[in-house]
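Participant: Structure file protein_7.pdb (PDB, C-alpha atoms) right here:
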```
MODEL        1
ATOM      1  CA  MET K   1      68.864  63.036  72.412  1.00  0.00           C
ATOM      2  CA  ILE K   2      65.739  61.671  74.021  1.00  0.00           C
ATOM      3  CA  LEU K   3      65.007  57.966  74.307  1.00  0.00           C
ATOM      4  CA  THR K   4      61.269  57.323  73.970  1.00  0.00           C
ATOM      5  CA  VAL K   5      59.860  54.027  75.170  1.00  0.00           C
ATOM      6  CA  PRO K   6      56.427  52.462  75.658  1.00  0.00           C
ATOM      7  CA  PHE K   7      54.816  53.448  78.955  1.00  0.00           C
ATOM      8  CA  GLU K   8      54.969  49.856  80.221  1.00  0.00           C
ATOM      9  CA  GLU K   9      58.786  49.851  79.849  1.00  0.00           C
ATOM     10  CA  PHE K  10      59.378  53.353  81.215  1.00  0.00           C
ATOM     11  CA  ALA K  11      60.170  52.581  84.883  1.00  0.00           C
ATOM     12  CA  GLU K  12      62.678  49.830  84.059  1.00  0.00           C
ATOM     13  CA  THR K  13      64.310  51.939  81.327  1.00  0.00           C
ATOM     14  CA  VAL K  14      64.672  54.950  83.638  1.00  0.00           C
ATOM     15  CA  ARG K  15      66.357  52.895  86.365  1.00  0.00           C
ATOM     16  CA  ARG K  16      68.667  51.166  83.870  1.00  0.00           C
ATOM     17  CA  ASN K  17      69.657  54.169  81.729  1.00  0.00           C
ATOM     18  CA  CYS K  18      69.315  57.141  84.088  1.00  0.00           C
ATOM     19  CA  GLY K  19      70.213  55.532  87.419  1.00  0.00           C
ATOM     20  CA  THR K  20      67.358  57.323  89.186  1.00  0.00           C
ATOM     21  CA  SER K  21      63.809  56.767  90.335  1.00  0.00           C
ATOM     22  CA  ASP K  22      62.819  60.447  90.014  1.00  0.00           C
ATOM     23  CA  VAL K  23      60.446  61.137  87.123  1.00  0.00           C
ATOM     24  CA  TYR K  24      58.432  64.146  86.020  1.00  0.00           C
ATOM     25  CA  VAL K  25      54.904  64.049  84.639  1.00  0.00           C
ATOM     26  CA  SER K  26      52.850  66.699  82.840  1.00  0.00           C
ATOM     27  CA  SER K  27      49.816  66.918  80.585  1.00  0.00           C
ATOM     28  CA  SER K  28      49.899  67.199  76.807  1.00  0.00           C
ATOM     29  CA  GLY K  29      46.457  67.085  75.282  1.00  0.00           C
ATOM     30  CA  ARG K  30      44.928  63.640  75.772  1.00  0.00           C
ATOM     31  CA  TYR K  31      48.206  62.286  77.092  1.00  0.00           C
ATOM     32  CA  ALA K  32      50.229  62.304  80.263  1.00  0.00           C
ATOM     33  CA  VAL K  33      53.917  62.712  79.420  1.00  0.00           C
ATOM     34  CA  ALA K  34      56.574  61.262  81.726  1.00  0.00           C
ATOM     35  CA  SER K  35      60.281  62.019  81.523  1.00  0.00           C
ATOM     36  CA  ALA K  36      63.436  61.394  83.514  1.00  0.00           C
ATOM     37  CA  SER K  37      67.059  62.394  83.205  1.00  0.00           C
ATOM     38  CA  GLY K  38      70.354  61.075  84.508  1.00  0.00           C
ATOM     39  CA  LYS K  39      73.786  59.981  83.295  1.00  0.00           C
ATOM     40  CA  GLY K  40      73.392  62.369  80.349  1.00  0.00           C
ATOM     41  CA  VAL K  41      70.278  60.605  79.103  1.00  0.00           C
ATOM     42  CA  VAL K  42      66.645  61.734  78.911  1.00  0.00           C
ATOM     43  CA  VAL K  43      63.974  59.025  78.773  1.00  0.00           C
ATOM     44  CA  ALA K  44      60.387  59.903  77.878  1.00  0.00           C
ATOM     45  CA  THR K  45      57.044  58.254  77.310  1.00  0.00           C
ATOM     46  CA  ARG K  46      53.404  59.153  77.001  1.00  0.00           C
ATOM     47  CA  VAL K  47      50.169  57.428  77.832  1.00  0.00           C
ATOM     48  CA  LYS K  48      46.552  58.315  77.108  1.00  0.00           C
ATOM     49  CA  GLY K  49      44.876  59.513  80.259  1.00  0.00           C
ATOM     50  CA  THR K  50      45.218  61.986  83.051  1.00  0.00           C
ATOM     51  CA  VAL K  51      48.348  63.041  84.883  1.00  0.00           C
ATOM     52  CA  ALA K  52      46.823  61.687  88.101  1.00  0.00           C
ATOM     53  CA  LEU K  53      46.408  58.215  86.613  1.00  0.00           C
ATOM     54  CA  ALA K  54      49.943  58.204  85.179  1.00  0.00           C
ATOM     55  CA  ARG K  55      51.363  59.383  88.520  1.00  0.00           C
ATOM     56  CA  GLU K  56      49.541  56.569  90.298  1.00  0.00           C
ATOM     57  CA  LYS K  57      50.801  53.893  87.887  1.00  0.00           C
ATOM     58  CA  LEU K  58      54.396  55.161  88.054  1.00  0.00           C
ATOM     59  CA  ALA K  59      54.347  55.389  91.855  1.00  0.00           C
ATOM     60  CA  GLU K  60      53.109  51.777  91.993  1.00  0.00           C
ATOM     61  CA  GLN K  61      56.294  50.861  90.092  1.00  0.00           C
ATOM     62  CA  GLY K  62      58.437  52.479  92.796  1.00  0.00           C
ATOM     63  CA  LEU K  63      59.149  55.786  91.073  1.00  0.00           C
ATOM     64  CA  ALA K  64      59.150  59.166  92.832  1.00  0.00           C
ATOM     65  CA  VAL K  65      56.836  61.314  90.705  1.00  0.00           C
ATOM     66  CA  PHE K  66      57.019  65.110  90.413  1.00  0.00           C
ATOM     67  CA  HIS K  67      55.211  67.694  88.264  1.00  0.00           C
ATOM     68  CA  GLY K  68      57.245  68.863  85.269  1.00  0.00           C
ATOM     69  CA  THR K  69      58.888  67.876  81.991  1.00  0.00           C
ATOM     70  CA  TRP K  70      62.439  67.439  80.805  1.00  0.00           C
ATOM     71  CA  LEU K  71      62.942  69.409  77.573  1.00  0.00           C
ATOM     72  CA  ALA K  72      65.233  68.899  74.604  1.00  0.00           C
ATOM     73  CA  GLN K  73      65.318  72.678  74.116  1.00  0.00           C
ATOM     74  CA  GLY K  74      65.464  75.599  76.527  1.00  0.00           C
ATOM     75  CA  PRO K  75      62.587  76.482  78.841  1.00  0.00           C
ATOM     76  CA  GLU K  76      61.862  79.694  76.944  1.00  0.00           C
ATOM     77  CA  THR K  77      59.895  77.606  74.434  1.00  0.00           C
ATOM     78  CA  MET K  78      57.506  76.103  76.958  1.00  0.00           C
ATOM     79  CA  SER K  79      55.454  77.431  79.827  1.00  0.00           C
ATOM     80  CA  THR K  80      55.593  75.358  83.001  1.00  0.00           C
ATOM     81  CA  GLU K  81      52.429  77.002  84.277  1.00  0.00           C
ATOM     82  CA  PRO K  82      49.166  75.337  83.236  1.00  0.00           C
ATOM     83  CA  LEU K  83      47.033  77.475  80.914  1.00  0.00           C
ATOM     84  CA  SER K  84      43.526  78.780  81.478  1.00  0.00           C
ATOM     85  CA  PHE K  85      41.331  80.034  78.641  1.00  0.00           C
ATOM     86  CA  ALA K  86      38.737  82.774  78.994  1.00  0.00           C
ATOM     87  CA  GLY K  87      35.894  83.615  76.650  1.00  0.00           C
ATOM     88  CA  VAL K  88      33.613  86.626  76.979  1.00  0.00           C
ATOM     89  CA  ALA K  89      30.359  86.906  75.072  1.00  0.00           C
ATOM     90  CA  TYR K  90      29.154  90.505  75.069  1.00  0.00           C
ATOM     91  CA  ARG K  91      26.601  92.864  73.556  1.00  0.00           C
ATOM     92  CA  SER K  92      28.349  94.574  70.655  1.00  0.00           C
ATOM     93  CA  ALA K  93      27.443  97.534  68.475  1.00  0.00           C
ATOM     94  CA  ASP K  94      26.711  95.092  65.626  1.00  0.00           C
ATOM     95  CA  GLU K  95      23.635  92.919  65.255  1.00  0.00           C
ATOM     96  CA  ARG K  96      25.645  89.874  66.286  1.00  0.00           C
ATOM     97  CA  PRO K  97      27.047  89.431  69.799  1.00  0.00           C
ATOM     98  CA  GLY K  98      30.770  89.846  70.275  1.00  0.00           C
ATOM     99  CA  LEU K  99      33.162  87.177  71.474  1.00  0.00           C
ATOM    100  CA  TRP K 100      36.523  87.958  73.059  1.00  0.00           C
ATOM    101  CA  LEU K 101      39.075  85.254  73.916  1.00  0.00           C
ATOM    102  CA  ASP K 102      42.279  85.238  75.927  1.00  0.00           C
ATOM    103  CA  VAL K 103      44.753  82.787  77.470  1.00  0.00           C
ATOM    104  CA  TYR K 104      46.363  83.029  80.906  1.00  0.00           C
ATOM    105  CA  GLU K 105      49.112  81.198  82.719  1.00  0.00           C
ATOM    106  CA  GLY K 106      47.573  79.788  85.886  1.00  0.00           C
ATOM    107  CA  SER K 107      44.152  80.713  87.157  1.00  0.00           C
ATOM    108  CA  ILE K 108      42.306  83.991  86.631  1.00  0.00           C
ATOM    109  CA  ALA K 109      39.218  85.632  88.124  1.00  0.00           C
ATOM    110  CA  GLU K 110      36.250  86.842  86.038  1.00  0.00           C
ATOM    111  CA  ILE K 111      36.795  90.462  87.075  1.00  0.00           C
ATOM    112  CA  ASP K 112      40.432  90.276  85.929  1.00  0.00           C
ATOM    113  CA  VAL K 113      39.334  88.878  82.555  1.00  0.00           C
ATOM    114  CA  LEU K 114      36.863  91.738  82.138  1.00  0.00           C
ATOM    115  CA  ARG K 115      39.506  94.287  83.161  1.00  0.00           C
ATOM    116  CA  ARG K 116      41.951  92.860  80.587  1.00  0.00           C
ATOM    117  CA  MET K 117      39.241  92.968  77.911  1.00  0.00           C
ATOM    118  CA  TYR K 118      38.372  96.580  78.812  1.00  0.00           C
ATOM    119  CA  ASP K 119      42.044  97.609  78.751  1.00  0.00           C
ATOM    120  CA  GLU K 120      42.572  95.948  75.371  1.00  0.00           C
ATOM    121  CA  PHE K 121      39.493  97.607  73.884  1.00  0.00           C
ATOM    122  CA  CYS K 122      40.717 100.992  75.146  1.00  0.00           C
ATOM    123  CA  GLU K 123      44.220 100.359  73.712  1.00  0.00           C
ATOM    124  CA  THR K 124      42.896  99.343  70.288  1.00  0.00           C
ATOM    125  CA  GLY K 125      40.409 102.204  70.109  1.00  0.00           C
ATOM    126  CA  ASP K 126      37.384  99.906  70.152  1.00  0.00           C
ATOM    127  CA  LEU K 127      36.221 101.821  73.235  1.00  0.00           C
ATOM    128  CA  SER K 128      36.369 105.463  74.085  1.00  0.00           C
ATOM    129  CA  GLU K 129      38.773 106.014  76.970  1.00  0.00           C
ATOM    130  CA  ASP K 130      36.191 108.217  78.658  1.00  0.00           C
ATOM    131  CA  LEU K 131      33.915 105.185  79.147  1.00  0.00           C
ATOM    132  CA  SER K 132      34.461 103.946  82.705  1.00  0.00           C
ATOM    133  CA  PHE K 133      35.084 100.302  83.483  1.00  0.00           C
ATOM    134  CA  ASP K 134      31.818 100.093  85.457  1.00  0.00           C
ATOM    135  CA  GLU K 135      29.837 101.589  82.556  1.00  0.00           C
ATOM    136  CA  PHE K 136      31.569  99.191  80.144  1.00  0.00           C
ATOM    137  CA  ILE K 137      30.494  96.234  82.306  1.00  0.00           C
ATOM    138  CA  ARG K 138      26.917  97.496  82.436  1.00  0.00           C
ATOM    139  CA  ARG K 139      26.653  98.071  78.675  1.00  0.00           C
ATOM    140  CA  ALA K 140      28.475  94.919  77.611  1.00  0.00           C
ATOM    141  CA  ASN K 141      26.144  92.619  79.559  1.00  0.00           C
ATOM    142  CA  ALA K 142      29.083  90.185  79.445  1.00  0.00           C
ATOM    143  CA  ASN K 143      29.016  86.460  80.017  1.00  0.00           C
ATOM    144  CA  VAL K 144      32.463  85.205  81.092  1.00  0.00           C
ATOM    145  CA  VAL K 145      33.495  81.560  80.800  1.00  0.00           C
ATOM    146  CA  ILE K 146      36.861  80.423  82.157  1.00  0.00           C
ATOM    147  CA  LEU K 147      38.303  77.008  81.380  1.00  0.00           C
ATOM    148  CA  THR K 148      40.830  76.002  84.035  1.00  0.00           C
ATOM    149  CA  PRO K 149      43.558  73.447  83.307  1.00  0.00           C
ATOM    150  CA  ASP K 150      41.370  70.774  84.980  1.00  0.00           C
ATOM    151  CA  ASP K 151      38.379  71.777  82.824  1.00  0.00           C
ATOM    152  CA  ILE K 152      40.501  71.566  79.676  1.00  0.00           C
ATOM    153  CA  GLN K 153      41.844  68.140  80.646  1.00  0.00           C
ATOM    154  CA  ARG K 154      38.295  66.896  81.367  1.00  0.00           C
ATOM    155  CA  HIS K 155      37.045  68.121  77.963  1.00  0.00           C
ATOM    156  CA  ILE K 156      39.945  66.427  76.182  1.00  0.00           C
ATOM    157  CA  MET K 157      39.409  63.175  78.061  1.00  0.00           C
ATOM    158  CA  ASN K 158      35.673  63.198  77.212  1.00  0.00           C
ATOM    159  CA  LYS K 159      36.533  63.298  73.506  1.00  0.00           C
ATOM    160  CA  ARG K 160      38.280  59.935  73.610  1.00  0.00           C
ATOM    161  CA  ARG K 161      35.055  58.127  74.471  1.00  0.00           C
TER
ENDMDL
END
```
Could you rewrite the structure in this file as structure tokens?
Facilitator:
Amino acid sequence: MILTVPFEEFAETVRRNCGTSDVYVSSSGRYAVASASGKGVVVATRVKGTVALAREKLAEQGLAVFHGTWLAQGPETMSTEPLSFAGVAYRSADERPGLWLDVYEGSIAEIDVLRRMYDEFCETGDLSEDLSFDEFIRRANANVVILTPDDIQRHIMNKRR
């Protein structure tokens, strides 16, 4: 079981119930999620705002703050690596432009996004395998946009205004 408490009561509850000052903080949408474990208990809370702000507030209360999250289930259900999203607008065979999207754990370079897109199009038969990667890039006239974990957090935070 997980004990959830208001953010303001988190530090005191962790010390009292877990017997530790080590806590883990991660991002979940518009919220920073903090959790701690000890003595067979997991204590969790969330607060609107960035991980950096939550880390600062928890450190001010004497807690040692680390990146991560305690889970009620196994780690196979959750990635610990922040996600990046990539979108590629490209010239398609249709009248309308094409849009290709993908998600990556961690950061990714534009050329790697284009290579993954090219490989997928070859695998699905959307492209002839005799079309080279360089020729694909030239014809596609692609515009790649990558949203890093920081970009995603900034966009989410801007929505709460």
Participant: Using all atoms listed in the file, find the one residue out of K:Arg138, K:Arg154, K:Arg96, K:Lys57 that sits nearest to Ser27 in chain K.
Facilitator: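 Looking only at the distances to Ser27 in chain K, the closest residue turns out to be K:Arg154.
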Participant: May I have the protein, DNA and RNA residues with an atom at most 12 Å from (53.2, 64.7, 72.9), counting all atoms listed in the file in the file's coordinates, returned as number ranges by chain?
Facilitator: K: 4, 25-35, 44-48, 69, 71
Participant: Determine, counting only C-alpha atoms, which protein, DNA and RNA residues have an atom within 12 Å of an atom of Ala59 in chain K; residues of the same chain fewer than 3 positions away are not included. Present the result as a list of chain:residue names.
Facilitator: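 Contacts, with the query itself left out: K:Phe10, K:Ala11, K:Ser21, K:Asp22, K:Val23, K:Tyr24, K:Val25, K:Ala34, K:Val51, K:Ala52, K:Leu53, K:Ala54, K:Arg55, K:Glu56, K:Gly62, K:Leu63, K:Ala64, K:Val65, K:Phe66.
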Participant: Take the residues that were just selected and, keeping C-alpha atoms, output them as an mmCIF file, in the frame of the given file.
Facilitator:
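Everything below was put into out-v7.cif:
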```
data_model
loop_
_atom_site.group_PDB
_atom_site.id
_atom_site.type_symbol
_atom_site.label_atom_id
_atom_site.label_comp_id
_atom_site.auth_asym_id
_atom_site.auth_seq_id
_atom_site.Cartn_x
_atom_site.Cartn_y
_atom_site.Cartn_z
ATOM 1 C CA PHE K 10 59.378 53.353 81.215
ATOM 2 C CA ALA K 11 60.170 52.581 84.883
ATOM 3 C CA SER K 21 63.809 56.767 90.335
ATOM 4 C CA ASP K 22 62.819 60.447 90.014
ATOM 5 C CA VAL K 23 60.446 61.137 87.123
ATOM 6 C CA TYR K 24 58.432 64.146 86.020
ATOM 7 C CA VAL K 25 54.904 64.049 84.639
ATOM 8 C CA ALA K 34 56.574 61.262 81.726
ATOM 9 C CA VAL K 51 48.348 63.041 84.883
ATOM 10 C CA ALA K 52 46.823 61.687 88.101
ATOM 11 C CA LEU K 53 46.408 58.215 86.613
ATOM 12 C CA ALA K 54 49.943 58.204 85.179
ATOM 13 C CA ARG K 55 51.363 59.383 88.520
ATOM 14 C CA GLU K 56 49.541 56.569 90.298
ATOM 15 C CA GLY K 62 58.437 52.479 92.796
ATOM 16 C CA LEU K 63 59.149 55.786 91.073
ATOM 17 C CA ALA K 64 59.150 59.166 92.832
ATOM 18 C CA VAL K 65 56.836 61.314 90.705
ATOM 19 C CA PHE K 66 57.019 65.110 90.413
#
```
Participant: Selection in question (the file shown): the PyMOL selection byres ((chain K and resi 147) around 10). Which residues does it include, as a list in words?
Facilitator: Leu83, Ser84, Phe85, Ala86, Gly87, Val103, Ser107, Ile108, Val145, Ile146, Thr148, Pro149, Asp150, Asp151, Ile152, Gln153 and His155 of chain K
Participant: I'd like the residues picked by the PyMOL selection byres ((chain K and resi 2) around 7) written out as number ranges by chain, using the chain letters and numbers from the file.
Facilitator: K: 1, 3-4, 41-44
Participant: If the PyMOL selection byres ((chain K and resi 18) around 7) were run on this exact file, what residues would it hold? Put them as a list in words.
Facilitator: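 Given this file, the PyMOL selection byres ((chain K and resi 18) around 7) evaluates to Val14, Arg15, Arg16, Asn17, Gly19, Thr20, Ser37, Gly38, Lys39 and Val41 of chain K.
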Participant: Figure out the distance between CA of Asp126 in chain K and CA of Ser92 in chain K, please, to one decimal in Å.
Facilitator: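 These two atoms are separated by 10.5 Å.
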Participant: Up to 7 Å from (30.3, 87.7, 77.4) in the file's coordinates: name the residues, counting all atoms listed in the file, as a list in words.
Facilitator: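 Neighbouring residues, ordered by chain and number, come to Gly87, Val88, Ala89, Tyr90, Leu99, Asn141, Ala142, Asn143 and Val144 of chain K.
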Participant: In Å, with one decimal, what is the gap from CA of Tyr118 in chain K to CA of Ile137 in chain K?
Facilitator: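 So the answer is 8.6 Å.
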Participant: Between CA of Glu129 in chain K and CA of Gly106 in chain K, what distance in Å does the model show, to one decimal?
Facilitator: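 Between CA of Glu129 in chain K and CA of Gly106 in chain K the gap is 29.1 Å.
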Participant: Which residue gives the smallest distance to Ala36 in chain K among K:Tyr104, K:Gly68, K:Glu60, K:Glu135, with only C-alpha atoms counted?
Facilitator: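 Using only C-alpha atoms, Ala36 in chain K sits closest to K:Gly68.
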Participant: Grab all the atoms of range 47-63 of chain K that the file lists, wrap them in a box along x, y and z, add 3 Å per side, and give me centre plus edge lengths in Å (one decimal) as AutoDock Vina command-line options.
Facilitator:
```
--center_x 52.0 --center_y 57.0 --center_z 85.0 --size_x 20.3 --size_y 18.2 --size_z 21.7
```
Participant: May I ask which of the residues K:Glu12, K:Asp119, K:Asp130, K:Glu110 is the closest one to Gln61 in chain K, counting only C-alpha atoms?
Facilitator: K:Glu12
